[in-house]
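Written out below as structure tokens is the structure these notes cover.
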Amino acid sequence: MDWEYAPAPESAAIGAIKDRYLPYIDGTFVEGGGDDLITYSPGTAEQLSTVSTVNGADVDRAVAAARRAYEKVWAPMSGAERGKYLFRIARGIAERARELAVVETLDNGKPIKETRDFDVPTAAQHFFYHAGWADKLQHLGLGADPRPLGVAGQVIPWNFPLLMAAWKIAPALAAGNTVVIKPAETTPLSILVLAEVIADADLPPGVVNIVPGAGDVGSTLVNHPGLDKVAFTGSTPVGRSIQQSLAGTGRKLTLELGGKGANIVFADAALDQAVEGIVNGIFFNAGQVCCAGSRLLVQESIAEELLAKLRARVETLRVGDPMDKNTDVGAINSARQLERITTLTQAGRDEGAEVWSASCPLPDRGWFFPPTLITAASSSMRVSREEIFGPVLTVLTFRTPDEALAKANNTPYGLSAGVWTEKGSRAMGMAAGLRAGVVWDNTFNRFDPAASFGGYGESGFGREGGPSGMAAYLDTDDEPVLPSSRSGRKGRR
Amino acid sequence: MNHLAVPKTYKLYVGGKFPRSESGRTYPLRDADGQLLANAARASRKDARDAVGAARKGFGAWSGATPYNRGQVIYRIAEMLDGRRAEFVELLTRGGAGASAAGSEVDAAVDRLVHYAGWTDKLPAVFGSSNPISGPYFSYSAPEPTGVVAVIAPTGAPLLGLVSVIAPILTGGNACVVIAAEPDAYVAVTFGEVLATSDVPGGVVNLLTGSSAEIAPHLAAHADVNALDLTGADAELATELERAASDTVKRVYRPRGTPDFATAPGTARLRAFLEIKTVWHPTGALSLAGGSAY
Amino acid sequence: MTSTVPLPAHLEDAVRSETSLRRFLEGLPGVDPVGVEQRAAALATRSIKKTAKLAAIDLAISMVDLTTLEGADTGGKVRNLCRKAMLPDPEFPEVPRTAAVCVYPDLAATAVEMVRGSGVKVAAVATAFPSGRSSVEVKLADTRMAVQAGADEIDMVIDRGAYLAGRYGVVFDQIQQVKATCGDARLKVILETGELATYDNVRRASWLALLAGGDFIKTSTGKVAPAATLPVTHVMLQAVRDWRDQTGQQRAVKPAGGIKTTKDAIRYLVAVHEVAGPEWLDPYWFRFGASSVLNDLLMQRRTQLSGHYSGPDYVTMD
């Protein structure tokens with residue numbers, strides 16, 4: 001029987017999208033001095049809302065507010081009290097979960113079932129988890145009374161807007177810092193709804209400041225001399241330039257950059273679940289994930305069998321309206337990103353690889369790219385080395401575990417890897433040998449605030465989540481120095 | 001009859017061997033009275049390149065050893081250094097230190113090595129974790145060595161400073177290329193001899209003598225160097241090197257002042273060259289009854 | 001020990017002896033339990049509404065093997081059940097009849113008499129259902145009784161003791177012998193997945209039953225917990241999908257036991273649709289072994305049409 005799932009749209013009205021959103025500085029929503037930006041709904045390519053952006057003077061005000069709040073209110077406050085604010089925010093997110101999921105899907109273009117089942121609940125969990133650390137810093141193994149760094153400037157990307165905001169704000173506040181945070185230009189809305197949650201939680205003014213804007217605002221923020229710490233998640237080229245401009249300033253930096261994750265499937269893998277893991281690895285969030293499993297390394301002896309199953313499975317993916325509850329793969333976040341994906345995929349063709357795309361019909365409006373597999377690819381092709389950041393999987397083969405390890409590690413990146421095998425010792429051995437900050441055995445794209453996340457090499461440095469993630473927001477420089485020589489920034493009391 | 005001395009030629013320590021600089025250049029080392037101590041090799045960028053290659057090889061062997069084994073080797077360095085106490089005291093006094101201060105410095109260097117030897121098999125216990133994630137998985141996070149670290153050794157404490165920067169790097173399982181402080185080359189190379197007799201695999205420590213201003217930029221830009229320790233760099237050089245490091249997103253350690261090596265070290269130097277790796281592994285229900293609610 | 005259906009060479013090899021059968025079954029890819037349960041849970045979030053839901057409800061009704069398998073069954077009970085199967089909702093005569101009724105073999109004749117001419121099939125359990133613990137002679141006699149009474153379908157149980165002891169040849173032979181006794185009746189092979197206990201065993205037993213000629217692979221007797229679950233059914237749907245890919249033959253699947261609500265039933269249909277394929281969305285290729293779910297399907301059907309919630313007094317208890 002031909003069974004069409006009827007459209008099952010979530011109600012857009014639940015998102016209560018306003019015509020205009022304002023920056024959140026020093027506890028109030030204020031007009032910014034910059035030009036308004038328009039944010040679009042990638043599922044339709046239509047205008048969704050406008051946001052007032054900040055200018056340099058606003059950034060100065062925000063940093064000053066964060067400094068005042070830090071010195072007068074937040075640093076003197078006990079960890080237990082700080083924690084209670086974070087618990088409130090966690091609860092607030094859970095209460096407005098459905099609304100936040102709709103806002104996120106409309107503004108980002110990802111499927112509603114992902115925002116509903118992953119992004120929003122995990123954001124709430126991040127606040128809940130970090131709330132508990134606030135009065136337990138002495139148990140981190142970093143001393144009896146680890147001090148915060150002070151004021152943190154944070155810049156987050158467009159692929160998980162609300163979740164990235166949680167990943168940045170929660171540990172910073174738990175450790176006792178105050179923050180000035182800038183959302184991505186194309187996804188400014190969910191964090192401004194989070195600002196309402198934060199305001200409703202009565203968080204003291206200035207502890208969290210949100211400064212929407214474009215790349216110039218980001219640059220102004222990360223280079224601001226009033227910061228003690230900078231945290232950036234985004235592309236490797238921008239990360240490099242931030243590291244360069246911060247050189248010599250003494251300001252602490254953590255970077256969460258790009259990746260070209262290897263998903264390694266051995267002949268003895270649980271094949272059907274490996275297929276699910278491959279699909280999840282590259283089509284979750286339409287592949288717009290830094291830790292995507294964007295290189296499939298399949299053992300040559302089962303490559304044909306696996307690829308047949310993979311193609312059949314990819315053909316069942318439902319690509320379309322992000323607001324439809326049955327959509328598996330949503331929209332690409334922007335026209336610009338869609339163009340990048342298209343260009344790199346074409347490069348694959350030009351270099352002689354075979355490009356196969358699912359035959360699903362794409363909506364006639366919005367920014368969409370079909371799930372795509374690139375086979376007959378060699379390691380040196382651009383599609384094997386460069387991050388595409390879209391629903392495009394490059395397939396390579398290997399013969400032995402050593403070869404798999406060498407190929408997986410043969411990249412300047414080092415963020416994630418997947419290993420599929422039923423053999424325990426091999427899973428453990430591969431996990432030990434892979435130069436990647438997160439290794440998933442027989443699974444992929446699992447995240448939890450209790451499990452640190454971050455990269456090796458050009459995927460960045462520093463961790464988010466877990467005890468190591470807390471260390472990124474504390475003054476952990478415990479090397480004794482001669483008093484007369486002490487320089488620059490240090491943890492302030 | 002007076003015995004005619006056989007003065008030592010001071011060479012580099014690279015890959016477990018003592019080569020001259022490929023450039024053939026040297027520079028004079030003088031004692032506190034200005035007397036010529038020796039001609040030290042003036043390392044070139046090609047020496048630095050070779051040292052990085054040696055370090056990458058050494059890293060393979062060193063990181064593959066067990067933590068216990070690494071601890072035993074670092075302890076052996078302490079044993080060998082202690083055995084050559086008199087020689088190092090003499091070297092330090094010739095360099096201008098008072099006899100008592102020189103003795104204290106050597107003793108402190110030995111103790112420093114012993115301290116770090118005891119860290120090798122404790123790092124995951126202290127800096128790692130079993131992660132209480134909310135799902136049917138076992139997840140752990142454990143520290144791993146970063147790889148190859150390029151170091152600018154500090155001035156002012158020829159032996160203790162050198163040991164205090166090298167030891168924590170080795171403890172974590174890393175290999176290093178160290179640019180010794182220019183006037184302290186005589187101590188550094190002699191320390192290289194200590195390393196060579198301590199079962200330290202070749203390439204794990206590489207000592208270059210010469211100008212850090214000349215060589216360090218090449219190391220900072222070298223794509224196969226994973227991290228920088230800028231302890232001995234002056235502010236201007238350090239900032240220049242931090243900038244160069246950004247091209248390959250290197251990890252950079254830069255102390256916030258002049259380290260007080262006499263005091264017990266914290267853990268900052270250890271942590272600076274460790275990467276935290278998180279692993280997830282499914283733990284399936286053993287029977288169907290324990291599985292899905294559906 | 002050759003099979004009675006023509007198979008591709010690698011599968012012919014597999015059934016040449018108990019040894020080769022064992023090697024084949026144990027060489028099948030494993031099933032990661034966390035992965036399969038996650039996929040089942042993810043598919044269970046599909047939102048099936050309106051026309052799609054109505055279509056699913058009618059399809060589900062038409063796939064029900066309306067079942068009574070109690071020691072206390074009587075002719076009266078069976079006759080009532082049959083009437084329900086033929087006309088599930090008298091106020092809505094357009095509601096499809098169920099696919100079959102499922103009864104103990106000594107009551108098969110009663111059922112055959114009641115459903116004659118309606119299109120509802122009679123499935124009879126056999127082979128010392130539910131435990132399967134008896135001699136081969138007894139099991140075949142049990143089967144013969146049902147076939148001679150006119151049963152259209154035989155629901156047999158495999159010898160789980162033999163399976164768990166690794167005697168795959170014994171299990172295989174019994175299925176073949178029962179199949180030979182079935183005549184024109186279609187054979188459903190009950191794996192009793194709750195006793196097989198692992199997904200790997202479910203996959204292996206599925207392949208074993210398919211190799212031996214079973215027309216259906218069926219999860220459970222309904223007498224042991226856990227009975228049917230979505231992840232177990234996923235594994236079995238994957239097996240028939242792989243079987244068709246390798247042999248060109250389509251075989252059928254029947255989850256039984258534990259399917260209580262319309263929501264459950266629709267989740268199973270989504271699994272059929274997305275794991276096996278739309279060709280299986282037909283009562284010939286997929287059945288629900290259930291009793292109480294029919295009333296919930298009928299109530300949900302009324303709700304969809306009327307716009308308000310129905311109640312248990314509006315559907316008949318039998």
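Here's how to read the names in the structure tokens: chain A, B, ... by the order shown, residue numbers from 1 in each chain, ligand numbers from 1 in the order shown.
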Mind running segment 135-217 of chain B against segment 107-129 of chain B at 9 Å and telling me each contacting residue's nearest atom pair with the distance in Å (one decimal), counting only C-alpha atoms, chain and number ascending, as CSV?
residue,atom,partner,partner_atom,distance
B:Ser139,CA,B:Ser129,CA,8.6
B:Tyr140,CA,B:Ser129,CA,5.7
B:Ser141,CA,B:Gly128,CA,5.2
B:Ala142,CA,B:Gly128,CA,4.3
B:Pro143,CA,B:Pro124,CA,5.8
B:Glu144,CA,B:Pro124,CA,8.5
B:Leu159,CA,B:Ala109,CA,6.7
B:Leu160,CA,B:Ala109,CA,4.8
B:Gly161,CA,B:Ala109,CA,8.2
B:Leu162,CA,B:Ala109,CA,8.7
B:Val163,CA,B:Ala109,CA,6.2
B:Ser164,CA,B:Arg112,CA,6.8
B:Ala167,CA,B:Tyr116,CA,6.3
B:Pro168,CA,B:Tyr116,CA,6.3
B:Leu170,CA,B:Tyr116,CA,8.6
B:Thr171,CA,B:Thr120,CA,5.1
B:Gly172,CA,B:Thr120,CA,6.5
B:Gly173,CA,B:Thr120,CA,8.0
Listing only residues of chain B within 6 Å of chain A, what is the closest atom pair and its distance in Å (to one decimal) for each, using only C-alpha atoms, sorted by chain and residue number ascending, as JSON lines?
{"residue": "B:Asn131", "atom": "CA", "partner": "A:Ala451", "partner_atom": "CA", "distance": 5.5}
{"residue": "B:Ile133", "atom": "CA", "partner": "A:Ala450", "partner_atom": "CA", "distance": 5.8}
{"residue": "B:Thr239", "atom": "CA", "partner": "A:Gly248", "partner_atom": "CA", "distance": 4.4}
{"residue": "B:Glu242", "atom": "CA", "partner": "A:Ala247", "partner_atom": "CA", "distance": 5.1}
{"residue": "B:Arg243", "atom": "CA", "partner": "A:Gln244", "partner_atom": "CA", "distance": 4.5}
{"residue": "B:Ser246", "atom": "CA", "partner": "A:Arg240", "partner_atom": "CA", "distance": 5.1}
{"residue": "B:Asp247", "atom": "CA", "partner": "A:Arg240", "partner_atom": "CA", "distance": 5.9}
{"residue": "B:Val249", "atom": "CA", "partner": "A:Glu458", "partner_atom": "CA", "distance": 5.3}
{"residue": "B:Arg256", "atom": "CA", "partner": "A:Ser487", "partner_atom": "CA", "distance": 5.6}
{"residue": "B:Gly257", "atom": "CA", "partner": "A:Arg486", "partner_atom": "CA", "distance": 4.5}
{"residue": "B:Thr258", "atom": "CA", "partner": "A:Val481", "partner_atom": "CA", "distance": 5.3}
{"residue": "B:Pro259", "atom": "CA", "partner": "A:Val481", "partner_atom": "CA", "distance": 4.1}
{"residue": "B:Asp260", "atom": "CA", "partner": "A:Val481", "partner_atom": "CA", "distance": 4.6}
{"residue": "B:Pro265", "atom": "CA", "partner": "A:Glu479", "partner_atom": "CA", "distance": 5.7}
{"residue": "B:Gly266", "atom": "CA", "partner": "A:Asp478", "partner_atom": "CA", "distance": 5.0}
{"residue": "B:Ala268", "atom": "CA", "partner": "A:Asp477", "partner_atom": "CA", "distance": 5.5}
{"residue": "B:Lys277", "atom": "CA", "partner": "A:Gly437", "partner_atom": "CA", "distance": 4.5}
{"residue": "B:Thr278", "atom": "CA", "partner": "A:Val438", "partner_atom": "CA", "distance": 4.7}
{"residue": "B:Val279", "atom": "CA", "partner": "A:Val439", "partner_atom": "CA", "distance": 4.7}
{"residue": "B:Trp280", "atom": "CA", "partner": "A:Trp440", "partner_atom": "CA", "distance": 4.9}
{"residue": "B:His281", "atom": "CA", "partner": "A:Asp441", "partner_atom": "CA", "distance": 5.0}
Residues within 8 Å of segment 388-390 of chain A, please, as a ChimeraX atom specification. Count only C-alpha atoms; anything in the same chain fewer than 2 positions from it doesn't count. /A:282-283,286-290,292,332,338,340-341,344,369,383,386,392
Considering only C-alpha atoms, can you say which of B:Arg269, B:Arg76, B:Lys11, B:Lys250 comes closest to Val194 of chain B? B:Arg76
Just want the 12 Å neighbourhood of Glu46 of chain A, counted on only C-alpha atoms, with same-chain residues fewer than 3 positions away dropped. Output as a PyMOL selection string. chain A and resi 38-43+49-50+106-107+109+334-335+365-367
Which of C:Val95, C:Ile61, C:Met317, C:Leu230 sits closest to chain B [using only C-alpha atoms]: C:Leu230
Which of segment 109-303 of chain C end up as strand (DSSP E or B) when DSSP is run on this backbone - answer as a ChimeraX atom specification? /C:121-125,153-157,186-190,216-218,252-254,256,286,288-290
DSSP-assigned helix (DSSP H, G or I) members of segment 63-236 of chain B, reported as a ChimeraX atom specification: /B:63-64,67-83,85-94,99-117,123-127,160-171,182-196,212-221,235-236
Here is a test: counting only C-alpha atoms, which residue of A:Thr28, A:Asn280, A:Ser235, A:Ser52 is nearest to Ala199 of chain A?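 The closest residue to Ala199 of chain A is A:Thr28.
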Could you pull the residues within 9 Å of Thr115 of chain A, counting only C-alpha atoms, minus those fewer than 2 positions along the same chain, as a PDB file with C-alpha atoms, in the first residue's frame?
ATOM      1  CA  ARG A  98       7.982  23.984  23.086  1.00  0.00           C
ATOM      2  CA  LEU A 100      11.930  27.627  22.146  1.00  0.00           C
ATOM      3  CA  ALA A 101      11.890  24.598  19.854  1.00  0.00           C
ATOM      4  CA  VAL A 102       9.605  26.375  17.399  1.00  0.00           C
ATOM      5  CA  GLU A 104      14.851  27.571  16.883  1.00  0.00           C
ATOM      6  CA  THR A 105      13.386  25.605  13.984  1.00  0.00           C
ATOM      7  CA  LYS A 110      16.546  22.360  11.454  1.00  0.00           C
ATOM      8  CA  PRO A 111      13.722  19.837  11.888  1.00  0.00           C
ATOM      9  CA  ILE A 112      11.290  20.432  14.725  1.00  0.00           C
ATOM     10  CA  LYS A 113      11.796  16.895  15.969  1.00  0.00           C
ATOM     11  CA  ASP A 117      13.926  16.124  21.215  1.00  0.00           C
ATOM     12  CA  PHE A 118      17.549  17.276  21.321  1.00  0.00           C
ATOM     13  CA  ASP A 119      18.507  20.971  21.163  1.00  0.00           C
ATOM     14  CA  VAL A 120      16.133  22.389  23.740  1.00  0.00           C
ATOM     15  CA  PRO A 121      16.147  19.582  26.332  1.00  0.00           C
TER      16      PRO A 121
END
Could you list, as a compact mmCIF listing (two decimals) with N, CA and C atoms, in the first residue's frame, every residue of chain A that has an atom within 6 Å of an atom of chain C, counting only C-alpha atoms?
# COMPACT_ATOMS: atom_id res chain seq x y z
N MET A 1 0.85 -1.20 0.00
CA MET A 1 0.00 0.00 0.00
C MET A 1 0.88 1.25 0.00
N TYR A 5 2.44 9.87 4.65
CA TYR A 5 2.21 10.48 5.95
C TYR A 5 1.62 11.87 5.67
N ALA A 6 0.49 12.16 6.23
CA ALA A 6 -0.08 13.49 6.01
C ALA A 6 0.83 14.53 6.63
N ALA A 270 28.03 -4.34 13.53
CA ALA A 270 26.58 -4.59 13.47
C ALA A 270 26.08 -3.69 12.34
N GLN A 273 23.01 -1.19 12.35
CA GLN A 273 23.18 -0.08 13.27
C GLN A 273 24.31 0.84 12.79
N ASN A 326 7.52 15.10 10.83
CA ASN A 326 8.09 13.90 10.22
C ASN A 326 9.30 14.19 9.35
Could you make a table, as CSV, of the residues of chain C that have an atom within 12 Å of an atom of chain B, each with its nearest atom pair and distance in Å to one decimal, counting only C-alpha atoms, in chain and number order?
residue,atom,partner,partner_atom,distance
C:Val31,CA,B:Gly284,CA,10.3
C:Asp32,CA,B:Gly284,CA,7.4
C:Pro33,CA,B:Gly284,CA,5.3
C:Val34,CA,B:Gly284,CA,5.3
C:Gly35,CA,B:Pro282,CA,8.4
C:Val36,CA,B:Ser292,CA,9.5
C:Glu37,CA,B:Ser292,CA,6.0
C:Gln38,CA,B:Ser292,CA,8.4
C:Arg39,CA,B:Ser292,CA,10.6
C:Ala40,CA,B:Ser292,CA,8.4
C:Ala41,CA,B:Ser292,CA,7.8
C:Ala42,CA,B:Ser292,CA,11.5
C:Leu43,CA,B:Tyr294,CA,11.4
C:Ala44,CA,B:Tyr294,CA,8.9
C:Thr45,CA,B:Tyr294,CA,11.8
C:Glu192,CA,B:Leu288,CA,11.6
C:Thr193,CA,B:Leu288,CA,8.2
C:Gly194,CA,B:Leu288,CA,6.7
C:Glu195,CA,B:Leu288,CA,9.0
C:Leu196,CA,B:Leu288,CA,8.7
C:Ala197,CA,B:Ser287,CA,5.1
C:Thr198,CA,B:Ser287,CA,5.6
C:Tyr199,CA,B:Leu288,CA,7.3
C:Asp200,CA,B:Leu288,CA,10.6
C:Asn201,CA,B:Leu288,CA,10.6
C:Val202,CA,B:Leu288,CA,10.0
C:Val224,CA,B:Ala289,CA,10.7
C:Ala225,CA,B:Ala289,CA,7.4
C:Pro226,CA,B:Ala289,CA,5.7
C:Ala227,CA,B:Ala289,CA,9.1
C:Ala228,CA,B:Tyr294,CA,8.6
C:Thr229,CA,B:Tyr294,CA,5.4
C:Leu230,CA,B:Tyr294,CA,5.8
C:Pro231,CA,B:Ser292,CA,7.3
C:Val232,CA,B:Leu288,CA,8.2
C:Thr233,CA,B:Tyr294,CA,10.6
C:His234,CA,B:Tyr294,CA,11.6
C:Gly257,CA,B:Tyr294,CA,11.7
C:Gly258,CA,B:Tyr294,CA,8.9
C:Ile259,CA,B:Tyr294,CA,9.1
C:Lys260,CA,B:Tyr294,CA,10.8
C:Thr261,CA,B:Tyr294,CA,11.4
C:Lys263,CA,B:Tyr294,CA,10.7
C:Asp264,CA,B:Tyr294,CA,7.9
C:Ala265,CA,B:Tyr294,CA,11.0
C:Arg267,CA,B:Tyr294,CA,9.4
C:Tyr268,CA,B:Tyr294,CA,10.1
Writer output for current selection, N, CA and C atoms, as a CSV table (one decimal), in the first residue's frame:
chain,number,residue,atom,x,y,z
C,31,VAL,N,23.7,-7.5,16.0
C,31,VAL,CA,22.8,-6.4,16.2
C,31,VAL,C,23.2,-5.6,17.4
C,32,ASP,N,23.5,-4.3,17.3
C,32,ASP,CA,23.8,-3.6,18.5
C,32,ASP,C,22.5,-3.2,19.2
C,33,PRO,N,22.3,-3.6,20.4
C,33,PRO,CA,21.0,-3.4,21.1
C,33,PRO,C,20.7,-1.9,21.3
C,34,VAL,N,21.7,-1.2,21.7
C,34,VAL,CA,21.5,0.3,21.9
C,34,VAL,C,21.1,0.9,20.6
C,35,GLY,N,21.7,0.6,19.6
C,35,GLY,CA,21.5,1.2,18.3
C,35,GLY,C,20.1,0.9,17.8
C,36,VAL,N,19.7,-0.4,17.9
C,36,VAL,CA,18.4,-0.8,17.3
C,36,VAL,C,17.3,-0.2,18.2
C,37,GLU,N,17.5,-0.2,19.5
C,37,GLU,CA,16.4,0.4,20.3
C,37,GLU,C,16.3,1.9,20.1
C,38,GLN,N,17.4,2.6,19.8
C,38,GLN,CA,17.3,4.0,19.5
C,38,GLN,C,16.6,4.2,18.2
C,39,ARG,N,16.8,3.4,17.2
C,39,ARG,CA,16.2,3.6,15.9
C,39,ARG,C,14.7,3.3,16.1
C,40,ALA,N,14.3,2.3,16.8
C,40,ALA,CA,12.9,2.0,17.1
C,40,ALA,C,12.3,3.2,17.8
C,41,ALA,N,12.9,3.7,18.8
C,41,ALA,CA,12.4,4.8,19.5
C,41,ALA,C,12.2,6.1,18.6
C,42,ALA,N,13.2,6.3,17.8
C,42,ALA,CA,13.1,7.5,16.9
C,42,ALA,C,12.0,7.3,15.9
C,43,LEU,N,11.8,6.1,15.3
C,43,LEU,CA,10.7,6.0,14.4
C,43,LEU,C,9.4,6.1,15.1
C,44,ALA,N,9.3,5.8,16.4
C,44,ALA,CA,8.1,5.8,17.1
C,44,ALA,C,7.7,7.3,17.3
C,45,THR,N,8.5,8.3,17.0
C,45,THR,CA,8.1,9.6,17.1
C,45,THR,C,7.4,10.2,15.9
C,192,GLU,N,9.4,-17.0,19.6
C,192,GLU,CA,9.3,-16.8,21.0
C,192,GLU,C,10.6,-16.0,21.5
C,193,THR,N,10.6,-14.7,20.9
C,193,THR,CA,11.8,-13.9,21.1
C,193,THR,C,12.1,-13.6,22.5
C,194,GLY,N,11.1,-13.6,23.4
C,194,GLY,CA,11.4,-13.3,24.8
C,194,GLY,C,12.3,-14.4,25.4
C,195,GLU,N,12.2,-15.6,24.9
C,195,GLU,CA,13.1,-16.7,25.4
C,195,GLU,C,14.4,-16.7,24.7
C,196,LEU,N,14.4,-16.2,23.5
C,196,LEU,CA,15.7,-16.2,22.7
C,196,LEU,C,16.6,-15.1,23.3
C,197,ALA,N,16.0,-14.1,23.9
C,197,ALA,CA,16.7,-13.2,24.8
C,197,ALA,C,17.7,-12.2,24.2
C,198,THR,N,18.2,-12.4,23.1
C,198,THR,CA,19.1,-11.3,22.5
C,198,THR,C,18.7,-11.0,21.1
C,199,TYR,N,19.0,-9.8,20.6
C,199,TYR,CA,18.6,-9.4,19.3
C,199,TYR,C,19.4,-10.3,18.3
C,200,ASP,N,20.6,-10.6,18.6
C,200,ASP,CA,21.4,-11.5,17.7
C,200,ASP,C,20.7,-12.8,17.5
C,201,ASN,N,20.1,-13.4,18.5
C,201,ASN,CA,19.4,-14.6,18.4
C,201,ASN,C,18.1,-14.4,17.6
C,202,VAL,N,17.5,-13.3,17.7
C,202,VAL,CA,16.3,-13.0,17.0
C,202,VAL,C,16.6,-13.0,15.5
C,224,VAL,N,4.6,-15.4,27.1
C,224,VAL,CA,5.9,-15.1,27.7
C,224,VAL,C,6.2,-13.6,27.6
C,225,ALA,N,6.7,-13.0,28.7
C,225,ALA,CA,7.1,-11.6,28.6
C,225,ALA,C,8.7,-11.6,28.5
C,226,PRO,N,9.2,-10.7,27.7
C,226,PRO,CA,8.5,-9.7,26.8
C,226,PRO,C,8.0,-10.4,25.5
C,227,ALA,N,6.9,-10.0,25.1
C,227,ALA,CA,6.3,-10.5,23.8
C,227,ALA,C,6.8,-9.6,22.7
C,228,ALA,N,6.0,-9.2,21.8
C,228,ALA,CA,6.4,-8.3,20.7
C,228,ALA,C,6.9,-7.0,21.3
C,229,THR,N,8.0,-6.5,20.7
C,229,THR,CA,8.4,-5.1,21.0
C,229,THR,C,8.8,-4.5,19.6
C,230,LEU,N,8.9,-3.2,19.6
C,230,LEU,CA,9.3,-2.6,18.3
C,230,LEU,C,10.7,-2.9,17.9
C,231,PRO,N,11.7,-2.9,18.8
C,231,PRO,CA,13.0,-3.2,18.3
C,231,PRO,C,13.1,-4.7,17.8
C,232,VAL,N,12.5,-5.6,18.5
C,232,VAL,CA,12.5,-7.0,18.0
C,232,VAL,C,11.9,-7.1,16.6
C,233,THR,N,10.8,-6.4,16.4
C,233,THR,CA,10.1,-6.4,15.1
C,233,THR,C,11.0,-5.7,14.1
C,234,HIS,N,11.7,-4.7,14.5
C,234,HIS,CA,12.7,-4.1,13.5
C,234,HIS,C,13.6,-5.1,13.0
C,257,GLY,N,1.3,-10.2,20.8
C,257,GLY,CA,1.4,-10.0,22.3
C,257,GLY,C,1.9,-8.7,22.7
C,258,GLY,N,1.2,-8.0,23.5
C,258,GLY,CA,1.7,-6.7,24.0
C,258,GLY,C,1.3,-5.5,23.2
C,259,ILE,N,0.6,-5.7,22.1
C,259,ILE,CA,0.2,-4.6,21.2
C,259,ILE,C,-1.2,-4.2,21.7
C,260,LYS,N,-1.3,-3.1,22.5
C,260,LYS,CA,-2.6,-2.8,23.1
C,260,LYS,C,-3.3,-1.7,22.5
C,261,THR,N,-2.6,-0.7,22.0
C,261,THR,CA,-3.3,0.5,21.6
C,261,THR,C,-3.1,0.8,20.1
C,263,LYS,N,-2.0,3.6,19.0
C,263,LYS,CA,-0.7,4.2,19.0
C,263,LYS,C,0.4,3.1,18.7
C,264,ASP,N,0.3,2.0,19.5
C,264,ASP,CA,1.3,0.9,19.3
C,264,ASP,C,1.2,0.4,17.9
C,265,ALA,N,0.0,0.2,17.4
C,265,ALA,CA,-0.2,-0.4,16.1
C,265,ALA,C,0.3,0.5,15.0
C,267,ARG,N,2.7,2.6,15.3
C,267,ARG,CA,4.2,2.6,15.4
C,267,ARG,C,4.7,1.4,14.6
C,268,TYR,N,4.0,0.3,14.8
C,268,TYR,CA,4.5,-0.9,14.0
C,268,TYR,C,4.3,-0.7,12.5
Which residues are close to Ala153 of chain B, i.e. within 7 Å by only C-alpha atoms, leaving aside same-chain residues fewer than 4 positions away? Reply as a list in words. Gly161, Leu162, Val165, Val178, Ile179, Ala180, Ala181, Thr231 and Gly232 of chain B
